[in-house]
$ cat target11.cif   # mmCIF, C-alpha atoms
data_work
#
loop_
_atom_site.label_atom_id
_atom_site.label_comp_id
_atom_site.auth_asym_id
_atom_site.auth_seq_id
_atom_site.Cartn_x
_atom_site.Cartn_y
_atom_site.Cartn_z
CA MET A 1 -39.80 15.68 142.97
CA THR A 2 -37.57 13.38 140.90
CA GLU A 3 -34.26 14.88 139.86
CA LYS A 4 -33.57 14.82 136.13
CA SER A 5 -30.24 15.11 134.37
CA THR A 6 -29.80 15.92 130.72
CA ILE A 7 -27.58 13.93 128.38
CA ASN A 8 -26.83 16.00 125.29
CA THR A 9 -26.68 13.94 122.12
CA ILE A 10 -26.23 14.60 118.45
CA HIS A 11 -27.33 12.37 115.60
CA GLU A 12 -24.54 11.49 113.14
CA ARG A 13 -26.65 13.12 110.40
CA ASP A 14 -26.48 16.46 112.23
CA LEU A 15 -22.80 16.38 113.08
CA ASP A 16 -21.92 18.64 110.13
CA LYS A 17 -24.08 21.42 111.57
CA LEU A 18 -22.27 21.32 114.90
CA LEU A 19 -18.85 21.08 113.23
CA ASN A 20 -19.77 24.08 111.10
CA LYS A 21 -20.80 26.02 114.17
CA ILE A 22 -17.45 25.36 115.88
CA GLU A 23 -15.61 25.87 112.59
CA LEU A 24 -13.99 22.45 112.53
CA LYS A 25 -15.91 20.84 109.66
CA GLU A 26 -13.05 21.09 107.17
CA ASP A 27 -10.51 19.72 109.64
CA PHE A 28 -12.83 16.85 110.50
CA ILE A 29 -13.41 15.96 106.83
CA ASN A 30 -9.69 16.20 106.11
CA LYS A 31 -8.93 13.90 109.05
CA LYS A 32 -7.02 16.52 110.98
CA VAL A 33 -8.98 16.17 114.19
CA LYS A 34 -7.42 13.99 116.88
CA CYS A 35 -8.64 12.41 120.07
CA ARG A 36 -7.50 14.59 122.95
CA PHE A 37 -6.28 11.59 124.95
CA CYS A 38 -4.75 9.06 122.52
CA GLU A 39 -4.05 11.39 119.58
CA LYS A 40 -5.68 8.96 117.15
CA ILE A 41 -7.51 10.54 114.19
CA VAL A 42 -11.19 10.89 115.03
CA ASP A 43 -13.80 10.32 112.35
CA ILE A 44 -17.49 9.48 112.18
CA ASN A 45 -16.74 5.79 112.89
CA ASN A 46 -14.86 6.19 116.15
CA LEU A 47 -16.16 9.45 117.62
CA TYR A 48 -17.65 9.16 121.13
CA ALA A 49 -18.20 12.77 122.10
CA ILE A 50 -17.25 16.40 121.67
CA SER A 51 -16.85 18.67 124.65
CA ASN A 52 -16.57 22.42 124.99
CA ASP A 53 -13.61 23.20 127.20
CA ASN A 54 -13.51 26.97 127.73
CA GLY A 55 -14.20 27.61 124.07
CA SER A 56 -11.74 25.06 122.74
CA TYR A 57 -13.23 21.79 121.61
CA ILE A 58 -12.17 18.35 122.80
CA PHE A 59 -12.86 15.30 120.65
CA ILE A 60 -12.99 11.95 122.40
CA CYS A 61 -12.67 8.65 120.54
CA ASP A 62 -14.72 5.62 121.54
CA SER A 63 -11.96 3.65 123.24
CA ILE A 64 -12.76 2.98 126.90
CA GLU A 65 -9.36 4.30 128.04
CA CYS A 66 -10.03 7.67 126.40
CA ILE A 67 -13.63 7.84 127.60
CA ASN A 68 -12.51 7.22 131.20
CA LYS A 69 -9.65 9.70 130.88
CA PHE A 70 -12.15 12.26 129.64
CA PHE A 71 -14.51 11.60 132.58
CA GLU A 72 -11.61 11.99 134.99
CA TYR A 73 -10.52 15.18 133.24
CA SER A 74 -14.01 16.71 133.38
CA ASP A 75 -14.53 15.61 137.01
CA ASN A 76 -11.31 17.37 137.99
CA LYS A 77 -12.34 20.40 136.00
CA ASN A 78 -15.71 20.52 137.78
CA LYS A 79 -14.01 20.28 141.18
CA LYS A 80 -12.04 23.48 140.50
CA MET B 1 -72.45 -7.69 129.81
CA ILE B 2 -69.64 -9.94 131.14
CA ASN B 3 -67.69 -9.08 128.00
CA ILE B 4 -68.03 -5.36 128.69
CA ILE B 5 -66.90 -5.82 132.31
CA LEU B 6 -63.94 -7.95 131.23
CA THR B 7 -62.96 -5.53 128.49
CA SER B 8 -63.25 -2.47 130.71
CA GLY B 9 -61.35 -4.37 133.45
CA PHE B 10 -58.55 -5.01 130.98
CA TRP B 11 -58.33 -1.33 130.05
CA ILE B 12 -58.37 -0.25 133.70
CA VAL B 13 -55.51 -2.65 134.51
CA LEU B 14 -53.63 -1.37 131.46
CA ILE B 15 -54.14 2.28 132.44
CA ILE B 16 -52.98 1.56 136.03
CA PHE B 17 -49.88 -0.16 134.61
CA PHE B 18 -49.18 2.87 132.37
CA VAL B 19 -49.56 5.31 135.25
CA LYS B 20 -47.42 3.25 137.63
CA ASN B 21 -44.66 2.42 135.13
CA PRO B 22 -44.14 5.41 132.83
CA GLU B 23 -40.49 4.42 132.21
CA LYS B 24 -41.40 0.93 131.02
CA VAL B 25 -44.07 2.35 128.75
CA GLU B 26 -41.62 4.86 127.30
CA LYS B 27 -39.03 2.13 126.74
CA TRP B 28 -41.51 0.02 124.77
CA ILE B 29 -42.74 2.99 122.77
CA GLY B 30 -39.10 3.61 121.82
CA ILE B 31 -38.48 -0.02 120.87
CA LEU B 32 -41.73 -0.40 118.92
CA SER B 33 -41.23 2.87 117.05
CA ARG B 34 -37.84 1.71 115.73
CA PHE B 35 -39.43 0.42 112.53
CA LEU B 36 -40.93 3.88 111.88
CA GLY B 37 -37.37 5.18 111.90
CA PHE B 38 -36.51 2.82 109.05
CA ILE B 39 -39.44 4.20 107.01
CA CYS B 40 -38.97 7.85 107.86
CA LYS B 41 -35.70 9.24 109.25
CA LYS B 42 -37.59 11.86 111.26
CA TYR B 43 -38.95 9.15 113.57
CA GLU B 44 -35.46 7.84 114.27
CA TYR B 45 -34.86 10.75 116.67
CA PHE B 46 -38.06 9.85 118.50
CA SER B 47 -37.27 6.16 118.79
CA ILE B 48 -33.61 6.56 119.85
CA LYS B 49 -34.51 9.21 122.44
CA HIS B 50 -37.35 7.26 124.01
CA GLU B 51 -35.67 3.88 123.90
CA VAL B 52 -32.44 5.09 125.55
CA GLN B 53 -34.25 7.34 128.03
CA GLY B 54 -36.89 4.71 128.81
CA LYS B 55 -34.37 1.93 129.38
CA ILE B 56 -32.12 3.96 131.70
CA ASN B 57 -35.07 5.36 133.65
CA SER B 58 -36.70 1.95 133.87
CA PHE B 59 -33.49 0.57 135.42
CA VAL B 60 -33.44 3.45 137.92
CA ALA B 61 -37.12 2.95 138.83
CA ASN B 62 -36.43 -0.74 139.39
CA LEU B 63 -33.46 0.09 141.59
CA GLU B 64 -35.61 2.34 143.74
CA GLU B 65 -37.93 -0.58 144.47
CA ASN B 66 -35.15 -2.21 146.51
CA THR B 67 -33.52 0.90 147.99
CA VAL B 68 -34.68 4.09 149.66
CA ALA B 69 -32.17 6.07 147.62
CA LYS B 70 -33.51 8.36 144.92
CA PHE B 71 -31.45 8.39 141.74
CA SER B 72 -31.58 10.98 139.01
CA ARG B 73 -33.58 10.16 135.87
CA VAL B 74 -32.30 11.20 132.44
CA ILE B 75 -33.56 13.26 129.57
CA ILE B 76 -31.95 12.75 126.17
CA LYS B 77 -31.69 16.10 124.45
CA TRP B 78 -30.92 16.34 120.76
CA THR B 79 -28.53 19.02 119.54
CA ALA B 80 -28.82 20.48 116.03
CA SER B 81 -31.70 18.20 115.13
CA LYS B 82 -33.89 20.99 113.73
CA ASP B 83 -33.04 22.78 110.52
CA GLU B 84 -33.44 26.31 111.84
CA GLU B 85 -32.04 25.57 115.26
CA ASP B 86 -29.59 28.02 116.76
CA ILE B 87 -26.99 25.58 118.04
CA GLU B 88 -25.89 26.21 121.59
CA PHE B 89 -22.73 24.57 122.81
CA ASN B 90 -21.92 25.98 126.21
CA ASP B 91 -18.73 25.76 128.20
CA LEU B 92 -18.11 22.36 129.85
CA GLU B 93 -20.99 20.89 127.88
CA THR B 94 -20.49 17.48 126.27
CA VAL B 95 -22.40 16.11 123.32
CA ILE B 96 -22.30 12.39 122.65
CA LEU B 97 -22.72 10.98 119.17
CA MET B 98 -25.68 8.75 118.38
CA ARG B 99 -25.71 6.66 115.24
CA ASP B 100 -28.67 5.47 113.20
CA ASN B 101 -30.89 2.58 114.30
CA LYS B 102 -28.54 -0.03 112.82
CA HIS B 103 -26.27 0.78 115.76
CA VAL B 104 -28.90 0.56 118.47
CA ASN B 105 -26.60 -1.39 120.86
CA LYS B 106 -23.66 0.96 120.42
CA ASN B 107 -25.92 3.95 121.07
CA PHE B 108 -27.25 2.43 124.24
CA VAL B 109 -23.83 1.34 125.54
CA HIS B 110 -22.45 4.85 125.03
CA ALA B 111 -25.40 6.60 126.70
CA ALA B 112 -25.65 4.09 129.56
CA TYR B 113 -21.95 4.37 130.39
CA PHE B 114 -22.23 8.16 130.30
CA TYR B 115 -25.14 7.93 132.74
CA THR B 116 -23.43 5.64 135.27
CA SER B 117 -20.16 7.59 135.06
CA LYS B 118 -21.41 11.16 135.14
CA VAL B 119 -24.83 11.08 136.76
CA PHE B 120 -25.25 7.97 138.92
CA LEU B 121 -23.92 8.46 142.51
CA SER B 122 -22.07 11.55 141.33
CA LYS B 123 -21.89 13.05 144.84
CA ALA B 124 -20.49 9.94 146.50
CA LYS B 125 -18.00 9.30 143.70
CA LYS B 126 -16.45 12.75 144.16
CA HIS B 127 -14.48 11.31 147.08
CA LEU B 128 -13.23 8.24 145.25
CA PRO B 129 -9.96 7.44 143.45
CA VAL B 130 -10.12 6.62 139.74
CA ASN B 131 -9.92 2.81 139.88
CA LEU B 132 -12.61 2.49 142.53
CA LYS B 133 -14.86 4.86 140.60
CA THR B 134 -14.23 3.11 137.26
CA SER B 135 -14.92 -0.32 138.78
CA LEU B 136 -18.26 0.94 140.10
CA ASP B 137 -19.16 2.48 136.73
CA LEU B 138 -18.28 -0.67 134.81
CA PHE B 139 -20.09 -3.07 137.12
CA THR B 140 -23.19 -0.87 137.39
CA THR B 141 -23.38 -0.40 133.61
CA ASP B 142 -23.06 -4.15 133.12
CA LYS B 143 -25.97 -4.67 135.53
CA LEU B 144 -27.98 -1.98 133.75
CA LEU B 145 -27.43 -3.61 130.36
CA LYS B 146 -28.19 -7.11 131.64
CA LYS B 147 -31.49 -5.82 132.99
CA GLU B 148 -32.55 -3.52 130.17
CA SER B 149 -30.71 -4.40 126.98
CA LYS B 150 -29.30 -7.93 126.86
CA GLY B 151 -28.38 -7.50 123.20
CA ALA B 152 -25.91 -4.76 124.13
CA VAL B 153 -24.13 -6.74 126.88
CA ASP B 154 -21.68 -8.47 124.50
CA GLN B 155 -20.65 -5.21 122.89
CA PHE B 156 -20.13 -3.52 126.26
CA GLU B 157 -18.20 -6.43 127.77
CA LYS B 158 -15.97 -6.80 124.69
CA ASP B 159 -15.28 -3.10 124.04
CA PHE B 160 -15.33 -1.67 127.57
CA PHE B 161 -15.58 -4.05 130.51
CA ILE B 162 -12.92 -6.69 129.71
CA LYS B 163 -10.45 -4.14 128.31
CA GLU B 164 -10.57 -2.05 131.47
CA MET B 165 -10.41 -5.07 133.77
CA ASP B 166 -7.37 -6.37 131.90
CA SER B 167 -5.69 -2.99 132.13
CA SER B 168 -5.78 -2.81 135.93
CA ALA B 169 -5.43 -5.53 138.56
CA GLU B 170 -7.07 -3.19 141.07
CA ILE B 171 -10.20 -2.76 138.94
CA LYS B 172 -10.33 -6.53 138.38
CA ASN B 173 -10.07 -7.13 142.12
CA TYR B 174 -12.92 -4.71 142.86
CA ILE B 175 -15.11 -6.33 140.21
CA LYS B 176 -14.50 -9.80 141.71
CA LYS B 177 -15.67 -8.48 145.07
CA TYR B 178 -18.80 -6.86 143.55
CA ILE B 179 -19.67 -10.16 141.85
CA ASN B 180 -19.59 -11.91 145.22
CA ILE B 181 -21.58 -9.14 146.92
CA ASP B 182 -24.10 -9.16 144.10
CA ARG B 183 -24.55 -12.95 144.39
CA LEU B 184 -26.07 -12.39 147.81
CA GLY B 185 -28.24 -9.70 146.22
CA ILE B 186 -26.87 -6.80 148.30
CA TYR B 187 -24.84 -4.84 145.71
CA PHE B 188 -27.64 -2.31 145.22
CA PRO B 189 -29.81 -2.61 148.37
CA VAL B 190 -26.86 -2.30 150.77
CA PHE B 191 -23.60 -1.28 149.08
CA ILE B 192 -24.87 1.30 146.58
CA GLN B 193 -27.38 2.52 149.16
CA GLU B 194 -24.62 3.08 151.75
CA LEU B 195 -22.56 4.92 149.11
CA ASN B 196 -25.56 7.07 148.38
CA PHE B 197 -25.96 7.91 152.09
CA LEU B 198 -22.26 8.72 152.22
CA GLY B 199 -22.65 11.07 149.25
CA LYS B 200 -25.29 13.02 151.17
CA LYS B 201 -22.95 13.75 154.06
CA VAL B 202 -21.36 17.16 154.05
CA PHE B 203 -17.68 17.10 154.93
CA LEU B 204 -16.19 20.27 156.27
CA GLU B 205 -12.65 19.09 155.62
CA ASP B 206 -11.13 17.17 152.75
CA ASN B 207 -10.88 13.54 153.75
CA SER B 208 -10.96 11.64 150.48
CA ARG B 209 -8.21 9.27 151.67
CA GLU B 210 -10.16 8.26 154.77
CA VAL B 211 -13.42 7.91 152.84
CA THR B 212 -11.71 5.63 150.31
CA GLU B 213 -10.19 3.53 153.06
CA GLU B 214 -13.59 3.19 154.66
CA ILE B 215 -15.30 2.18 151.42
CA ASN B 216 -12.62 -0.47 150.87
CA GLN B 217 -13.35 -1.81 154.36
CA LEU B 218 -17.09 -1.74 153.67
CA ILE B 219 -16.55 -3.73 150.45
CA ASP B 220 -14.49 -6.32 152.37
CA PHE B 221 -17.14 -6.49 155.09
CA LEU B 222 -19.89 -7.08 152.54
CA GLU B 223 -17.85 -9.64 150.63
CA THR B 224 -17.20 -11.59 153.84
CA ARG B 225 -20.96 -11.55 154.50
CA ALA B 226 -21.64 -12.73 150.97
CA ASN B 227 -19.12 -15.57 151.15
CA ARG B 228 -20.36 -16.75 154.52
CA GLU B 229 -21.63 -20.32 154.78
CA VAL B 230 -25.06 -20.77 156.37
CA GLY B 231 -24.58 -20.70 160.16
CA GLU B 232 -20.99 -19.43 159.97
CA LEU B 233 -20.20 -16.61 162.37
CA VAL B 234 -18.79 -13.54 160.63
CA PRO B 235 -18.88 -9.87 161.70
CA GLU B 236 -22.38 -8.49 161.28
CA THR B 237 -21.75 -4.83 162.02
CA PHE B 238 -19.68 -2.39 160.07
CA ALA B 239 -18.63 0.56 162.19
CA GLY B 240 -16.67 3.10 160.19
CA LYS B 241 -16.14 6.79 160.85
CA PHE B 242 -18.72 7.85 158.29
CA THR B 243 -20.81 4.74 157.79
CA LYS B 244 -22.29 2.50 160.45
CA CYS B 245 -24.55 -0.32 159.39
CA SER B 246 -25.42 -3.82 160.41
CA ILE B 247 -26.62 -6.91 158.53
CA LYS B 248 -28.46 -9.39 160.69
CA VAL B 249 -29.91 -12.81 160.16
CA VAL B 250 -32.57 -13.07 162.85
CA ALA B 251 -34.62 -16.08 161.78
CA SER B 252 -32.10 -18.90 162.13
CA LYS B 253 -33.42 -22.43 162.62
CA THR B 254 -32.51 -22.35 166.34
CA SER B 255 -34.18 -18.96 166.90
CA ARG B 256 -37.36 -20.20 165.30
CA LEU B 257 -37.28 -23.55 167.09
CA PHE B 258 -36.90 -21.96 170.52
CA ASN B 259 -39.06 -18.98 169.64
CA GLN B 260 -36.29 -16.53 170.55
CA VAL B 261 -38.15 -13.37 169.54
CA ASP B 262 -36.86 -11.37 172.53
CA GLU B 263 -33.25 -12.42 171.96
CA GLN B 264 -33.39 -11.34 168.32
CA LYS B 265 -35.10 -8.09 169.24
CA GLU B 266 -32.26 -7.41 171.69
CA ARG B 267 -29.68 -7.92 168.93
CA ILE B 268 -31.37 -5.29 166.78
CA LEU B 269 -31.74 -2.95 169.76
CA LYS B 270 -28.03 -3.29 170.47
CA ALA B 271 -27.23 -2.15 166.92
CA ILE B 272 -29.60 0.80 167.33
CA LYS B 273 -28.02 1.79 170.67
CA ASN B 274 -24.56 1.48 169.13
CA GLY B 275 -25.48 4.13 166.61
CA CYS B 276 -25.98 2.07 163.43
CA GLU B 277 -27.79 4.27 160.91
CA ASN B 278 -29.10 1.35 158.92
CA ILE B 279 -29.88 -2.18 159.98
CA TYR B 280 -30.53 -4.72 157.25
CA ILE B 281 -32.41 -7.84 158.24
CA MET B 282 -32.02 -10.79 155.92
CA GLY B 283 -33.56 -14.21 155.97
CA ASP B 284 -35.18 -16.98 154.01
CA ALA B 285 -38.32 -15.79 152.23
CA GLU B 286 -40.30 -18.92 153.03
CA ASP B 287 -43.34 -18.31 155.25
CA GLU B 288 -42.08 -19.65 158.60
CA SER B 289 -38.89 -17.58 158.51
CA ARG B 290 -40.68 -14.52 157.19
CA ASN B 291 -43.36 -14.65 159.88
CA PHE B 292 -40.69 -14.93 162.56
CA VAL B 293 -38.85 -11.85 161.23
CA ASP B 294 -42.13 -9.94 161.08
CA ARG B 295 -42.86 -10.83 164.72
CA VAL B 296 -39.46 -9.50 165.83
CA ILE B 297 -40.01 -6.25 163.93
CA LYS B 298 -43.59 -5.93 165.22
CA ASP B 299 -42.35 -6.33 168.81
CA LEU B 300 -39.75 -3.60 168.25
CA ILE B 301 -42.41 -1.23 166.96
CA MET B 302 -44.78 -2.09 169.82
CA ASP B 303 -42.00 -1.22 172.27
CA LYS B 304 -42.08 2.27 170.74
CA ILE B 305 -38.48 2.07 169.65
CA LYS B 306 -37.84 5.01 167.32
CA ILE B 307 -37.10 3.32 164.02
CA SER B 308 -38.56 3.43 160.58
CA ILE B 309 -39.07 0.47 158.29
CA GLU B 310 -37.80 1.75 154.96
CA LYS B 311 -38.07 -1.32 152.75
CA ARG B 312 -39.54 -4.78 152.93
CA VAL B 313 -38.72 -6.74 149.79
CA VAL B 314 -37.97 -10.21 148.48
CA PHE B 315 -35.12 -10.77 146.04
CA ASP B 316 -33.03 -13.58 144.51
CA SER B 317 -29.82 -14.55 146.26
CA GLU B 318 -27.13 -17.15 146.06
CA ILE B 319 -25.87 -18.46 149.40
CA TYR B 320 -23.28 -21.02 150.48
CA THR B 321 -24.60 -24.11 152.20
CA HIS B 322 -22.70 -26.01 154.95
CA ASP B 323 -20.87 -28.12 152.39
CA GLY B 324 -19.66 -25.00 150.55
CA LYS B 325 -22.04 -25.44 147.61
CA ARG B 326 -23.91 -22.51 146.15
CA LYS B 327 -27.69 -22.49 146.43
CA LYS B 328 -30.22 -20.16 144.84
CA VAL B 329 -32.77 -18.87 147.33
CA LYS B 330 -35.35 -16.14 147.78
CA THR B 331 -34.29 -13.67 150.44
CA TYR B 332 -36.60 -11.65 152.65
CA PHE B 333 -34.96 -8.27 153.25
CA ILE B 334 -35.98 -5.50 155.61
CA HIS B 335 -34.20 -2.16 155.83
CA ILE B 336 -34.58 -0.46 159.22
CA ASN B 337 -33.44 3.11 159.58
CA ASN B 338 -32.38 4.57 162.91
CA PRO B 339 -33.19 8.30 162.60
CA LEU B 340 -31.41 9.18 165.86
CA ALA B 341 -28.06 8.02 164.46
CA ILE B 342 -28.12 10.16 161.32
CA ASP B 343 -25.45 12.83 161.27
CA ASN B 344 -25.08 14.42 157.88
CA ILE B 345 -22.60 17.14 158.74
CA ARG B 346 -19.15 15.89 159.53
CA ILE B 347 -16.10 17.93 160.45
CA LYS B 348 -13.91 14.97 159.60
#
$ encode --input "target11.cif" --output "C-alpha cells"
Amino acid sequence: MTEKSTINTIHERDLDKLLNKIELKEDFINKKVKCRFCEKIVDINNLYAISNDNGSYIFICDSIECINKFFEYSDNKNKK
Amino acid sequence: MINIILTSGFWIVLIIFFVKNPEKVEKWIGILSRFLGFICKKYEYFSIKHEVQGKINSFVANLEENTVAKFSRVIIKWTASKDEEDIEFNDLETVILMRDNKHVNKNFVHAAYFYTSKVFLSKAKKHLPVNLKTSLDLFTTDKLLKKESKGAVDQFEKDFFIKEMDSSAEIKNYIKKYINIDRLGIYFPVFIQELNFLGKKVFLEDNSREVTEEINQLIDFLETRANREVGELVPETFAGKFTKCSIKVVASKTSRLFNQVDEQKERILKAIKNGCENIYIMGDAEDESRNFVDRVIKDLIMDKIKISIEKRVVFDSEIYTHDGKRKKVKTYFIHINNPLAIDNIRIK
C-alpha cells in the first residue's frame, strides 16, 4: 500500500475566508501582519504559508531563508 | 479488418499505459486542463491540484524504478475552496498559498519544495543538522523540477537554490559533492536509497552526531567513487556503524578477457560475508560487459547464496576516462541485498 501525505493548500481567491476564520482579515488588509521570521510585512504577493501554532497563527513570507527557518521550527516542534 | 485490429491494438496499448502510469496521466490531465481554468475559474482548482500532484507523484514513481525504496505520494487538498465549507485549521497544520494559473511555476516550486522538505525522507532527515538537510532538499527539488517542470527551474534556482548556496559555504560544499555523485548516476539509486534504509533503523539512544558523521563519510566515499578514473583503485566498500554497503565494478576488461567469473564472484561473496547490507554492481551497459555481470550473478544464485536481486536497471552516467576527460556512458546497475546483514534495531 503506497503511503500518501497531504499538502494543504489555499487558493489566493479563498484567502479572505481563512483570514476571516482566524480573525486576521483586517490586520492583513491593513498590512499589519508580519512574517514570523524576518518581520517583513506579509501580503498577497509575498505570502508562502500560514501555520497554526497552538492556536496562534504564523505567517511565512516566500523568502527561502524564512521558509527554511519555518521548516526547522516545525521539525523541532514535532520532535517535542 | 486490419484497421479494426490496429485501432483496438492502439486502445489496448493506451489503456495499459494509463493503468501502469497513473501519475503521468494525472500530470497531463492537469496540464491540458489549464486552459479550462482560464475560461472558468472553477476548473483552475482542478488543474492546479492535478498538475502539481501528478508532477510530484510522477517524479516519485520514476525514482522508484531505480531504487527499492518506497516514497510517499502526495495529495493536494484545498482549504476553503467551497462556499459552504466549514474551514478546519488544526494545530500544527500548515496551509500553503497557491496563485492563479498565471503563476503556474511559482505554485509548483512552492509545493515541490514543501514536499522534498517535509515529506521526502522525513524519517532519515530527523537525524540531520540543518545545513545537511537543506542541501538535500535543495538538490532533490532541483532534480525534481528538471525532470518534471523545466519551466520552473529558473525561478527555483534564482529565488531559492543560489540564494541558499551563497548564504552557506557548507551547503555549497554539499551541493558540489552531490553534483559529482549524480554525474555517475548514483545520487538516487545509492545515496538516497542508503539514507532511506538509515531512516528505517530504530535507534534506542540519541546518536544524531554519529549519524551525521557517518553520512558525511558516506558522501565522501561516494564522491571518491564518482571522481574515479576508469581502472583507478579507490575504496569500494563503505563500512560505517549504521550503514555498510559496497560498490563493485566486476566486468573490467581484464576480468572479461580472462573470463574471471569465479574471482568476481568471490569479491561479491567477501562483501556479503563482511556484513554489507547492500552491494551495488556497476558496469558498462554494452552487451559483452552486461552478459559477464549476469554470469557472475547467476553463478552466485546457483551456489544458493542467500541474496536477493532488488534492481537491475540501465541509466545514464558520466565517467572519467584514463586521460581525465569526462565521457557519457550507459551504466548497467544491479542492486543485491544481503538479508542476513539487516539489523534495523540499534542500541547505538
$ atom_distance --input "target11.cif" --atom1 "CA of Leu18 (chain A)" --atom2 "CA of Ala80 (chain B)"
6.7 Å
$ closest_residue --input "target11.cif" --among "A:Leu47, A:Ile41, A:Cys35, A:Leu24" --to "chain B" --atoms "all atoms listed in the file"
A:Leu47
$ resolve_selection --input "target11.cif" --expression "the PyMOL selection byres ((chain A) within 10 of (chain B))" --output "ChimeraX atom specification"
/A:1-18,21-22,44-60,62-65,67-69,71-72,74-79
$ closest_residue --input "target11.cif" --among "B:Asn3, B:Ser8, B:Asn101, B:Ser308" --to "Ser47 (chain B)" --atoms "only C-alpha atoms"
B:Asn101
$ atom_distance --input "target11.cif" --atom1 "CA of Lys241 (chain B)" --atom2 "CA of Arg267 (chain B)"
21.6 Å
$ atom_distance --input "target11.cif" --atom1 "CA of Val293 (chain B)" --atom2 "CA of Leu257 (chain B)"
13.2 Å
